[in-house]
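Beneath this line is the structure, given in structure tokens, with notes to follow.
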Amino acid sequence: MLLILLLFNFLPCSIIATTMKDLPPSDFVPGINDLRRKYAKQYNVPNMHGLIWSEDLLNILKLHDWSSAWPDARKTWRYTDLQSYETALSQIETDLNDFLKKTAEEIRTKINHAIYSMSRMEFINPLQRFIACTPKPQYGAFVIVCLVGTEGSFTMFDTTGQSTGIPGFGCHKRYENEDGLCVATNPEEESYRGHREDFIEDINEIRRRYADSYYVPNMHELMWSEDLLDILKPLDWHGEWPESRRTWRFAYIDCFDVAKLNIEKEMKILLGKNGEAGKQDHINGHDGGTFGIMEFLNPLQKFVACGSIIDSSTNLTVQVCLLGPQGGVRLFDTSGQIINGPGSDCERRYMYSHMLCAAHHPEEESYRGRLDDFEVDINDIRRVYADRFNVPNMHALVCGFL
């Protein structure tokens with residue numbers, strides 16, 4: 001695959017040996033969650049989530065050198081460190097209490113000037129839901145380094161003491177209030193990588209928003225495709241994919257939960273290009289490879305499947321999505337000159353629904369297509385050429401079923 005991507009992007013779900021000495025004590029994460037609950041109740045934080053241990057984050061962390069730069073930080077995870085597990089809770093609470101003594105303006109300044117990490121305040125970011133820690137060598141000794149995700153930006157709760165929020169009443173999907181803390185209803189089903197159902201819902205929501213903003217007449221609602229998943233499963237990220245860019249395209253995706261945010265960032269880059277020609281050149285430049293997360297804004301794609309595949313060069317796994325049935329890169333018109341409204345140019349058996357073209361009967365639609373559509377399309381082509389070249393004996397084809 002002729003793509004230049006950082007090795008650290010290839011880590012989801014990889015299996016890396018972990019010894020017991022690498023793992024924190026069993027009371028470490030529950031202790032941090034007790035602290036999070038304490039401050040959620042003290043400051044009326046409605047959306048303080050309980051942290052869940054993440055093997056995905058641990059695998060990411062294990063391949064990072066503490067003495068090197070971490071350019072992939074602050075996208076879907078952030079980092080901090082501790083002197084030891086044994087003193088972790090006292091370290092966090094001491095630092096937090098010192099932090100909370102600052103004025104609101106001092107706190108804002110501190111957050112704005114924190115380029116890399118907010119140190120142990122990272123443990124109290126209410127929106128983080130996953131954590132992993134492991135020892136890292138530092139100056140001949142060891143330091144405990146922790147990653148928290150899935151948020152790449154630091155968020156602090158209202159520290160003025162004037163919040164009127166109700167602790168535990170601003171929870172993420174599938175989380176519920178447990179004595180002021182948002183805890184997962186089924187922790188074993190939650191993952192740093194996110195949920196497929198949430199992802200498709202989020203992607204369609206952002207497709208809907210752009211269809212509305214730019215009057216896109218043919219933005220289709222994406223549906224999950226088992227056919228595309230079957231194509232995806234045997235692929236090797238390091239291998240050649242000659243069949244790609246014909247009836248499907250692909251995109252690497254690190255974390256489902258931040259897909260919308262990443263699309264918005266890439267859209268800003270596109271809109272910053274010089275004129276419509278500059279935008280189109282930017283789009284066309286990705287035709288022979290992948291447009292990355294922007295593949296999800298191709299209005300004519302109707303099917304999607306995502307899963308983890310092996311990268312034989314590293315023996316790690318990569319999370320990839322396939323989209324079909326379009327093989328070419330395409331985006332909607334961003335000039336603002338479109339007159340037709342959203343949903344005015346839907347494909348057969350699709351209808352306007354909340355800014356998108358939605359299938360009348362989703363269960364009848366397939367990435368492979370329908371035989372009756374094929375018959376109509378192929379006969380339309382035959383009709384065009386019969387007319388163009390005055391063919392006297394071009395017969396209509398009748399498709400049969402095996």
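Residue names in the structure tokens use chain letters A, B, ... in the order shown, residue numbers from 1 in each chain, and ligand numbers from 1 in the order shown.
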*asked:* So that I can check the surroundings of A:Gly336, please list as a list in words every protein, DNA and RNA residue that reaches within 12 Å of it, counting only C-alpha atoms and ignoring chain neighbours fewer than 5 positions away.
replied: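 Here the qualifying residues turn out to be Tyr210, Ala211, Asp212, Ser213, Tyr214, Tyr215, Val216, Leu271, Glu276 and Gly341 of chain A.
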_For A:Met355, find every residue with an atom within 8 Å (counting only C-alpha atoms), except residues of its own chain fewer than 5 positions away, and show them as a VMD selection string._
chain A and resid 208 to 209 211 to 212 219 342 to 343
Take the residues from that selection and write them out as a JSON list (two decimals), in the first residue's frame, keeping N, CA and C atoms.
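Produced file out_3.json, reproduced below:
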[["chain", "number", "residue", "atom", "x", "y", "z"],
["A", 208, "ARG", "N", -25.58, 14.55, 6.54],
["A", 208, "ARG", "CA", -26.84, 15.31, 6.54],
["A", 208, "ARG", "C", -26.57, 16.80, 6.71],
["A", 209, "ARG", "N", -25.65, 17.12, 7.60],
["A", 209, "ARG", "CA", -25.35, 18.53, 7.86],
["A", 209, "ARG", "C", -24.73, 19.21, 6.65],
["A", 211, "ALA", "N", -25.02, 18.19, 3.54],
["A", 211, "ALA", "CA", -26.04, 18.22, 2.48],
["A", 211, "ALA", "C", -26.94, 19.43, 2.65],
["A", 212, "ASP", "N", -27.25, 19.75, 3.88],
["A", 212, "ASP", "CA", -28.09, 20.91, 4.18],
["A", 212, "ASP", "C", -27.33, 22.21, 3.91],
["A", 219, "MET", "N", -26.78, 13.40, -1.75],
["A", 219, "MET", "CA", -26.04, 12.82, -0.62],
["A", 219, "MET", "C", -26.85, 11.63, -0.09],
["A", 342, "PRO", "N", -31.40, 19.58, -1.20],
["A", 342, "PRO", "CA", -31.00, 18.24, -0.76],
["A", 342, "PRO", "C", -32.07, 17.21, -1.10],
["A", 343, "GLY", "N", -31.62, 16.04, -1.55],
["A", 343, "GLY", "CA", -32.54, 14.95, -1.85],
["A", 343, "GLY", "C", -33.29, 15.08, -3.16]]
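Comparing the minimum interatomic distances between A:Cys171 and each of A:Val45, A:Val304, A:Val320, A:Ile32, counting only C-alpha atoms, we find that A:Val45 sits nearest.
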_12 Å contact set for A:His395, only C-alpha atoms, chain neighbours under 3 positions out, as a PyMOL selection string_ = chain A and resi 378-383+385-386+391-392+398
*List the neighbours of A:Lys260 out to 9 Å using only C-alpha atoms; skip same-chain residues closer than 2 positions along the sequence, and give me the result as a VMD selection string.*
chain A and resid 199 202 to 203 205 to 206 256 to 258 262 to 265
Quick one: write out the picked residues with N, CA and C atoms as a CSV table (one decimal), in the first residue's frame?
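The result, written out as out-v3.csv:
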chain,number,residue,atom,x,y,z
A,199,PHE,N,-20.9,5.0,15.0
A,199,PHE,CA,-20.1,5.5,13.9
A,199,PHE,C,-20.9,5.8,12.7
A,202,ASP,N,-23.2,8.7,13.4
A,202,ASP,CA,-22.5,10.0,13.4
A,202,ASP,C,-22.1,10.4,12.0
A,203,ILE,N,-21.6,9.4,11.1
A,203,ILE,CA,-21.2,9.8,9.8
A,203,ILE,C,-22.4,10.3,9.0
A,205,GLU,N,-25.0,11.7,10.2
A,205,GLU,CA,-25.4,13.0,10.7
A,205,GLU,C,-24.6,14.1,10.1
A,206,ILE,N,-23.3,13.8,9.9
A,206,ILE,CA,-22.4,14.9,9.3
A,206,ILE,C,-22.7,15.0,7.8
A,256,PHE,N,-13.6,5.5,16.1
A,256,PHE,CA,-14.9,5.9,15.6
A,256,PHE,C,-15.4,7.2,16.3
A,257,ASP,N,-15.2,7.3,17.6
A,257,ASP,CA,-15.8,8.4,18.3
A,257,ASP,C,-15.4,9.8,17.8
A,258,VAL,N,-14.2,9.9,17.2
A,258,VAL,CA,-13.8,11.3,16.8
A,258,VAL,C,-13.8,11.4,15.3
A,262,ASN,N,-12.7,14.8,13.0
A,262,ASN,CA,-11.6,14.7,12.0
A,262,ASN,C,-12.1,15.1,10.6
A,263,ILE,N,-13.4,14.8,10.3
A,263,ILE,CA,-13.9,15.2,9.0
A,263,ILE,C,-14.0,16.7,9.0
A,264,GLU,N,-14.5,17.3,10.1
A,264,GLU,CA,-14.6,18.8,10.1
A,264,GLU,C,-13.2,19.5,9.9
A,265,LYS,N,-12.2,18.9,10.5
A,265,LYS,CA,-10.8,19.4,10.4
A,265,LYS,C,-10.4,19.4,8.9
*Filtered DSSP result for stretch 178-374 of chain A, state alpha helix (DSSP H), as a ChimeraX atom specification*: /A:196-213,226-232,259-271,275-284,371-374
*asked:* Please determine, counting only C-alpha atoms, which residue among A:Arg196, A:Lys233, A:Arg349, A:Arg207 has the shortest atom-to-atom distance to A:Met267.
replied: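 Among the listed residues, A:Arg207 lies closest to A:Met267.
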*Residue neighbourhood A:Ala184, 12 Å, only C-alpha atoms, exclusion window fewer than 4 positions, as a ChimeraX atom specification*: /A:48-52,129-130,168,171-178,188-191
Could you dump the residues just selected with N, CA and C atoms as a short mmCIF file (atom, residue, chain, number, x, y, z; two decimals), in the first residue's frame?
data_model
loop_
_atom_site.label_atom_id
_atom_site.label_comp_id
_atom_site.auth_asym_id
_atom_site.auth_seq_id
_atom_site.Cartn_x
_atom_site.Cartn_y
_atom_site.Cartn_z
N MET A 48 -19.12 13.66 34.12
CA MET A 48 -17.88 13.00 34.54
C MET A 48 -18.05 11.49 34.35
N HIS A 49 -17.23 10.92 33.47
CA HIS A 49 -17.36 9.50 33.13
C HIS A 49 -16.35 8.64 33.88
N GLY A 50 -16.77 7.46 34.22
CA GLY A 50 -15.85 6.51 34.82
C GLY A 50 -14.86 5.99 33.79
N LEU A 51 -13.59 5.89 34.17
CA LEU A 51 -12.56 5.40 33.26
C LEU A 51 -12.57 3.87 33.21
N ILE A 52 -12.36 3.33 32.01
CA ILE A 52 -12.29 1.89 31.79
C ILE A 52 -10.89 1.55 31.26
N ARG A 129 -12.89 8.48 28.75
CA ARG A 129 -13.59 7.27 29.21
C ARG A 129 -12.69 6.04 29.29
N PHE A 130 -11.46 6.16 28.79
CA PHE A 130 -10.57 4.99 28.76
C PHE A 130 -9.18 5.38 29.24
N GLY A 168 -23.92 13.16 36.82
CA GLY A 168 -24.42 11.93 36.24
C GLY A 168 -25.59 12.09 35.29
N CYS A 171 -24.57 12.00 30.48
CA CYS A 171 -23.74 10.83 30.14
C CYS A 171 -23.73 10.52 28.65
N HIS A 172 -22.66 9.87 28.24
CA HIS A 172 -22.49 9.35 26.88
C HIS A 172 -23.51 8.24 26.64
N LYS A 173 -23.75 7.93 25.37
CA LYS A 173 -24.63 6.81 25.04
C LYS A 173 -24.18 5.55 25.77
N ARG A 174 -25.15 4.78 26.24
CA ARG A 174 -24.91 3.50 26.92
C ARG A 174 -24.24 3.67 28.27
N TYR A 175 -24.21 4.89 28.79
CA TYR A 175 -23.71 5.14 30.15
C TYR A 175 -24.89 5.59 31.01
N GLU A 176 -24.79 5.31 32.31
CA GLU A 176 -25.86 5.69 33.22
C GLU A 176 -25.27 6.26 34.51
N ASN A 177 -26.11 7.00 35.21
CA ASN A 177 -25.69 7.65 36.45
C ASN A 177 -25.54 6.62 37.57
N GLU A 178 -24.36 6.61 38.16
CA GLU A 178 -24.13 5.76 39.32
C GLU A 178 -23.52 6.63 40.42
N GLU A 188 -17.84 -4.23 29.36
CA GLU A 188 -17.12 -5.15 28.48
C GLU A 188 -17.44 -4.89 27.00
N GLU A 189 -18.51 -4.17 26.72
CA GLU A 189 -18.87 -3.87 25.33
C GLU A 189 -18.32 -2.53 24.86
N GLU A 190 -17.75 -1.76 25.78
CA GLU A 190 -17.21 -0.45 25.41
C GLU A 190 -15.75 -0.59 24.98
N SER A 191 -15.35 0.25 24.04
CA SER A 191 -13.99 0.18 23.50
C SER A 191 -13.50 1.56 23.13
#
*Write down as a PyMOL selection string the residues belonging to stretch 238-399 of chain A that are assigned strand (DSSP E or B) by DSSP computed on the backbone.*
chain A and resi 249-252+303-311+316-324+350-353+356-359
Could you save the residues just selected, with C-alpha atoms, as a compact mmCIF listing (two decimals), in the first residue's frame?
# COMPACT_ATOMS: atom_id res chain seq x y z
CA ARG A 249 -12.60 2.90 -1.83
CA PHE A 250 -10.99 2.74 1.58
CA ALA A 251 -10.05 4.88 4.56
CA TYR A 252 -7.95 4.20 7.65
CA PHE A 303 -22.49 1.25 1.65
CA VAL A 304 -19.80 0.96 4.28
CA ALA A 305 -18.05 -1.75 6.28
CA CYS A 306 -15.26 -1.41 8.84
CA GLY A 307 -12.99 -3.86 10.59
CA SER A 308 -9.47 -4.66 11.72
CA ILE A 309 -7.02 -6.18 9.24
CA ILE A 310 -3.42 -7.31 9.60
CA ASP A 311 -0.41 -5.26 8.57
CA LEU A 316 -0.10 -5.29 14.04
CA THR A 317 -3.69 -4.60 13.06
CA VAL A 318 -5.21 -1.57 11.40
CA GLN A 319 -8.83 -0.43 11.48
CA VAL A 320 -10.04 0.24 7.94
CA CYS A 321 -13.38 1.09 6.33
CA LEU A 322 -14.45 0.27 2.79
CA LEU A 323 -17.06 2.39 1.01
CA GLY A 324 -18.93 1.55 -2.18
CA TYR A 350 -34.09 6.16 -2.74
CA MET A 351 -36.18 9.03 -1.42
CA TYR A 352 -35.60 12.32 0.37
CA SER A 353 -35.39 11.90 4.13
CA LEU A 356 -30.34 12.62 2.68
CA CYS A 357 -31.35 10.14 0.00
CA ALA A 358 -32.53 7.15 2.02
CA ALA A 359 -33.47 3.71 0.67
